[in-house]
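Enquirer: The structure that follows is given in the form of structure tokens.
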Amino acid sequence: LIRHQANLQTRILQETYVQQLKNSPKYADSRHLIHFEGQVYSQNGEDGIIAEIFNRIGITNRCFVEIGSATGLENNTALLLLEGWNGLWAEGNTEACALARKHWEEPIRDERLKILNTFVTGENLEILLNENKIPEEPDLFSLDIDRNTYHVFERMASFRPRLFIIEYNGVFPSQSTWGIGYQVDEGWDGTHYFGAALKKFELAASKKDYSLVCCDSTGTNAFFVRNDLLTDHFLEPFSTEFHHEPYRQFLLREMPYPKVPEKPKLSGM
């Protein structure tokens, strides 16, 4: 009972902080994507931001790719899968992949979801995408592999998703262009020494004709929309200086739904 009450109080404090944050001048424009945060299966408020971005730019092939998909119950595309999308998950942890296959038996059986138990690198990413017949322009591509996230993103050349969601290192300030060196056989060591600062991602994305349109309030994920889709849908400037959110570990919260429905509803949600 004490633990339950403590969890409730923590959640109340988190929600209070977020509401106060959204009332600050930076977010005065109601079109700012942080106002659309919502969590079903995402780690933070990514589910709601994703929904609003596609509300603005439209949906084409309803195809996603998520690299670093974990158990399938806390990632950026599980909700899309529940809503009838199809795609590819890649995860290096064998136990996590086994749980994901257990959680999502129906879409796997219906051939709407493929799960690869493999470590993705800058060298094998596009090979894996081609082998699994991913279109060159999937609607969404989510990338979160801790240490080498930046290097895998930088090396992508043949695929142009309409929306990128990329984990950045929010510990580093907006002016920083720090990034860790590429080590194909190394992962996260549990410290702040992983990935890259947001500015480094912004600069790499710009070379690929993508613009930074938002970060979630916890300072975990950044959202990059392809330039030909921007029009007047998003707030400028598309810069780290404007959109950067520092890492707020105290806002990380447990996902509200720790399992999928026994018979997932695939439409009409």
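Chain labels follow the order of the structure tokens: the first chain is A, the next B, and so on; residue numbering restarts at 1 in every chain, and ligands are counted from 1 in their shown order.
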Tell me which protein, DNA and RNA residues are within 8 Å of region 246-249 of chain A, counting only C-alpha atoms, leaving out same-chain ones fewer than 6 positions away, and put them as a list in words.
Expert: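 Skipping anything fewer than 6 positions along the chain leaves Asn169, Gly170, Val171, Phe172, Pro173, Ser217, Thr218, Gly219 and Thr220 of chain A.
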Enquirer: Can I get the selected residues back with all heavy atoms, as an mmCIF file, in the first residue's frame?
Expert:
```cif
data_model
loop_
_atom_site.group_PDB
_atom_site.id
_atom_site.type_symbol
_atom_site.label_atom_id
_atom_site.label_comp_id
_atom_site.auth_asym_id
_atom_site.auth_seq_id
_atom_site.Cartn_x
_atom_site.Cartn_y
_atom_site.Cartn_z
ATOM 1 N N ASN A 169 21.374 12.239 -26.808
ATOM 2 C CA ASN A 169 21.923 12.311 -25.454
ATOM 3 C C ASN A 169 21.619 13.694 -24.885
ATOM 4 O O ASN A 169 22.346 14.660 -25.140
ATOM 5 C CB ASN A 169 23.430 12.044 -25.486
ATOM 6 C CG ASN A 169 23.993 11.806 -24.105
ATOM 7 O OD1 ASN A 169 23.519 12.372 -23.128
ATOM 8 N ND2 ASN A 169 25.012 10.965 -24.010
ATOM 9 N N GLY A 170 20.549 13.782 -24.101
ATOM 10 C CA GLY A 170 20.100 15.052 -23.561
ATOM 11 C C GLY A 170 20.910 15.572 -22.395
ATOM 12 O O GLY A 170 20.638 16.671 -21.894
ATOM 13 N N VAL A 171 21.896 14.803 -21.962
ATOM 14 C CA VAL A 171 22.778 15.269 -20.881
ATOM 15 C C VAL A 171 23.623 16.447 -21.369
ATOM 16 O O VAL A 171 23.929 17.368 -20.612
ATOM 17 C CB VAL A 171 23.680 14.118 -20.392
ATOM 18 C CG1 VAL A 171 24.736 14.624 -19.412
ATOM 19 C CG2 VAL A 171 22.831 13.025 -19.746
ATOM 20 N N PHE A 172 23.972 16.427 -22.662
ATOM 21 C CA PHE A 172 24.818 17.480 -23.206
ATOM 22 C C PHE A 172 23.975 18.691 -23.596
ATOM 23 O O PHE A 172 22.861 18.542 -24.113
ATOM 24 C CB PHE A 172 25.596 16.950 -24.418
ATOM 25 C CG PHE A 172 26.627 15.928 -24.041
ATOM 26 C CD1 PHE A 172 26.289 14.583 -23.922
ATOM 27 C CD2 PHE A 172 27.927 16.317 -23.768
ATOM 28 C CE1 PHE A 172 27.230 13.641 -23.554
ATOM 29 C CE2 PHE A 172 28.890 15.379 -23.404
ATOM 30 C CZ PHE A 172 28.538 14.041 -23.285
ATOM 31 N N PRO A 173 24.464 19.906 -23.372
ATOM 32 C CA PRO A 173 23.690 21.119 -23.643
ATOM 33 C C PRO A 173 23.480 21.356 -25.133
ATOM 34 O O PRO A 173 24.118 20.705 -25.980
ATOM 35 C CB PRO A 173 24.552 22.224 -23.022
ATOM 36 C CG PRO A 173 25.939 21.677 -23.028
ATOM 37 C CD PRO A 173 25.794 20.206 -22.796
ATOM 38 N N SER A 217 9.373 15.815 -23.806
ATOM 39 C CA SER A 217 9.655 16.626 -22.619
ATOM 40 C C SER A 217 10.687 16.003 -21.684
ATOM 41 O O SER A 217 11.280 16.702 -20.859
ATOM 42 C CB SER A 217 8.362 16.895 -21.841
ATOM 43 O OG SER A 217 7.763 15.685 -21.417
ATOM 44 N N THR A 218 10.952 14.694 -21.806
ATOM 45 C CA THR A 218 11.957 14.066 -20.955
ATOM 46 C C THR A 218 13.369 14.236 -21.502
ATOM 47 O O THR A 218 14.340 13.862 -20.852
ATOM 48 C CB THR A 218 11.699 12.560 -20.784
ATOM 49 O OG1 THR A 218 11.889 11.896 -22.038
ATOM 50 C CG2 THR A 218 10.283 12.299 -20.273
ATOM 51 N N GLY A 219 13.482 14.792 -22.721
ATOM 52 C CA GLY A 219 14.800 14.943 -23.319
ATOM 53 C C GLY A 219 15.399 13.628 -23.773
ATOM 54 O O GLY A 219 16.601 13.400 -23.629
ATOM 55 N N THR A 220 14.563 12.754 -24.342
ATOM 56 C CA THR A 220 15.014 11.427 -24.756
ATOM 57 C C THR A 220 15.015 11.249 -26.265
ATOM 58 O O THR A 220 15.995 10.788 -26.841
ATOM 59 C CB THR A 220 14.123 10.335 -24.130
ATOM 60 O OG1 THR A 220 14.131 10.470 -22.707
ATOM 61 C CG2 THR A 220 14.614 8.942 -24.509
#
```
Enquirer: Taking the DSSP assignment computed from this structure's backbone, write out as a PyMOL selection string all residues of region 90-263 of chain A that belong to strand (DSSP E).
Expert: chain A and resi 90-91+113-117+140-143+163-167+210-215+221-226
Enquirer: Please determine, counting only C-alpha atoms, which residue among A:Glu241, A:Glu254, A:Asp189, A:Asp216 has the shortest atom-to-atom distance to Lys22 (chain A).
Expert: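 Using only C-alpha atoms, the shortest distance to Lys22 (chain A) belongs to A:Asp216.
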Enquirer: Of the residues A:Glu37, A:Asp47, A:Glu106, A:Glu91, which is the one nearest to Thr77 (chain A), using only C-alpha atoms?
Expert: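 Nearest to Thr77 (chain A): A:Asp47.
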Enquirer: Quote the spacing between CA of Ile115 (chain A) and CA of Ala100 (chain A) in Å to one decimal place.
Expert: 8.0 Å
Enquirer: Find the residues near Arg56 (chain A): any atom within 12 Å, counting only C-alpha atoms, skip ones fewer than 2 places away on the same chain, and give them as a list in words.
Expert: Arg31, Leu33, Ile49, Ile50, Ala51, Glu52, Ile53, Phe54, Gly58, Ile59, Arg162, Leu163, Val225, Leu229, Leu230, Thr231, Asp232, His233 and Phe234 of chain A
Enquirer: List as a PyMOL selection string the protein and nucleic acid residues near Leu81 (chain A), meaning an atom at most 8 Å away when only C-alpha atoms are counted, but skip any in the same chain fewer than 5 places from it.
Expert: chain A and resi 86-87+107+113+266
Enquirer: Keeping only C-alpha atoms, write those residues as a compact mmCIF listing (two decimals), in the first residue's frame.
Expert:
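That gives us out36.txt:
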```txt
# COMPACT_ATOMS: atom_id res chain seq x y z
CA ASN A 86 2.96 -3.17 -40.47
CA GLY A 87 6.70 -3.22 -40.22
CA PRO A 107 0.34 -9.63 -36.19
CA LEU A 113 5.24 -7.77 -38.17
CA LEU A 266 -6.73 -3.41 -35.30
```
Enquirer: Do a neighbour search on region 66-75 of chain A at 8 Å with only C-alpha atoms, toss out local chain neighbours closer than 2 positions, and write the hits as JSON, numbers by chain.
Expert: {"A": [41, 42, 43, 64, 77, 78, 88, 89, 90, 91, 92, 93, 96, 97, 98, 99, 100, 103, 104, 120, 141, 142, 143, 144, 145, 255, 258, 259, 260]}
Enquirer: What lies within 8 Å of Val184 (chain A) using only C-alpha atoms, ignoring chain neighbours under 4 positions off, as a PyMOL selection string?
Expert: chain A and resi 121-122+148
Enquirer: Given the selection you just returned, output its residues as a file containing all heavy atoms, formatted as a PDB file, in the first residue's frame.
Expert:
```pdb
ATOM      1  N   THR A 121      24.111  -2.570 -37.166  1.00  0.00           N
ATOM      2  CA  THR A 121      25.322  -1.760 -37.270  1.00  0.00           C
ATOM      3  C   THR A 121      25.221  -0.850 -38.493  1.00  0.00           C
ATOM      4  O   THR A 121      24.309  -0.992 -39.328  1.00  0.00           O
ATOM      5  CB  THR A 121      26.565  -2.643 -37.412  1.00  0.00           C
ATOM      6  OG1 THR A 121      26.520  -3.303 -38.691  1.00  0.00           O
ATOM      7  CG2 THR A 121      26.637  -3.684 -36.302  1.00  0.00           C
ATOM      8  N   GLY A 122      26.165   0.033 -38.598  1.00  0.00           N
ATOM      9  CA  GLY A 122      26.216   0.877 -39.777  1.00  0.00           C
ATOM     10  C   GLY A 122      26.447   0.080 -41.041  1.00  0.00           C
ATOM     11  O   GLY A 122      26.047   0.493 -42.132  1.00  0.00           O
ATOM     12  N   ASN A 148      25.803   3.433 -30.483  1.00  0.00           N
ATOM     13  CA  ASN A 148      26.108   3.697 -31.888  1.00  0.00           C
ATOM     14  C   ASN A 148      24.959   4.310 -32.683  1.00  0.00           C
ATOM     15  O   ASN A 148      24.999   4.319 -33.918  1.00  0.00           O
ATOM     16  CB  ASN A 148      26.558   2.395 -32.564  1.00  0.00           C
ATOM     17  CG  ASN A 148      27.907   1.925 -32.050  1.00  0.00           C
ATOM     18  OD1 ASN A 148      28.824   2.718 -31.849  1.00  0.00           O
ATOM     19  ND2 ASN A 148      28.019   0.627 -31.806  1.00  0.00           N
TER      20      ASN A 148
END
```
Enquirer: Mind the document's chain letters and residue numbers, and return as number ranges by chain the residues of region 36-156 of chain A that DSSP labels helix (DSSP H, G or I).
Expert: A: 36, 46-57, 78-82, 94-103, 105-109, 125-131, 146-155
Enquirer: For Ser158 (chain A), work out the shell of residues within 10 Å, counting only C-alpha atoms and skipping chain neighbours fewer than 3 positions away, then give it as a PyMOL selection string.
Expert: chain A and resi 126+129-130+136-137+155+161
Enquirer: Just checking: using only C-alpha atoms, which residue out of A:Phe194, A:Tyr17, A:Trp85, A:Phe238 ends up closest to Tyr210 (chain A)?
Expert: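 Among the listed residues, the smallest separation from Tyr210 (chain A) belongs to A:Phe238.
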Enquirer: Quick one: pull the distance between CA of Arg160 (chain A) and CA of Pro135 (chain A), Å, one decimal.
Expert: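 According to the coordinates, CA of Arg160 (chain A) and CA of Pro135 (chain A) are separated by 9.1 Å.
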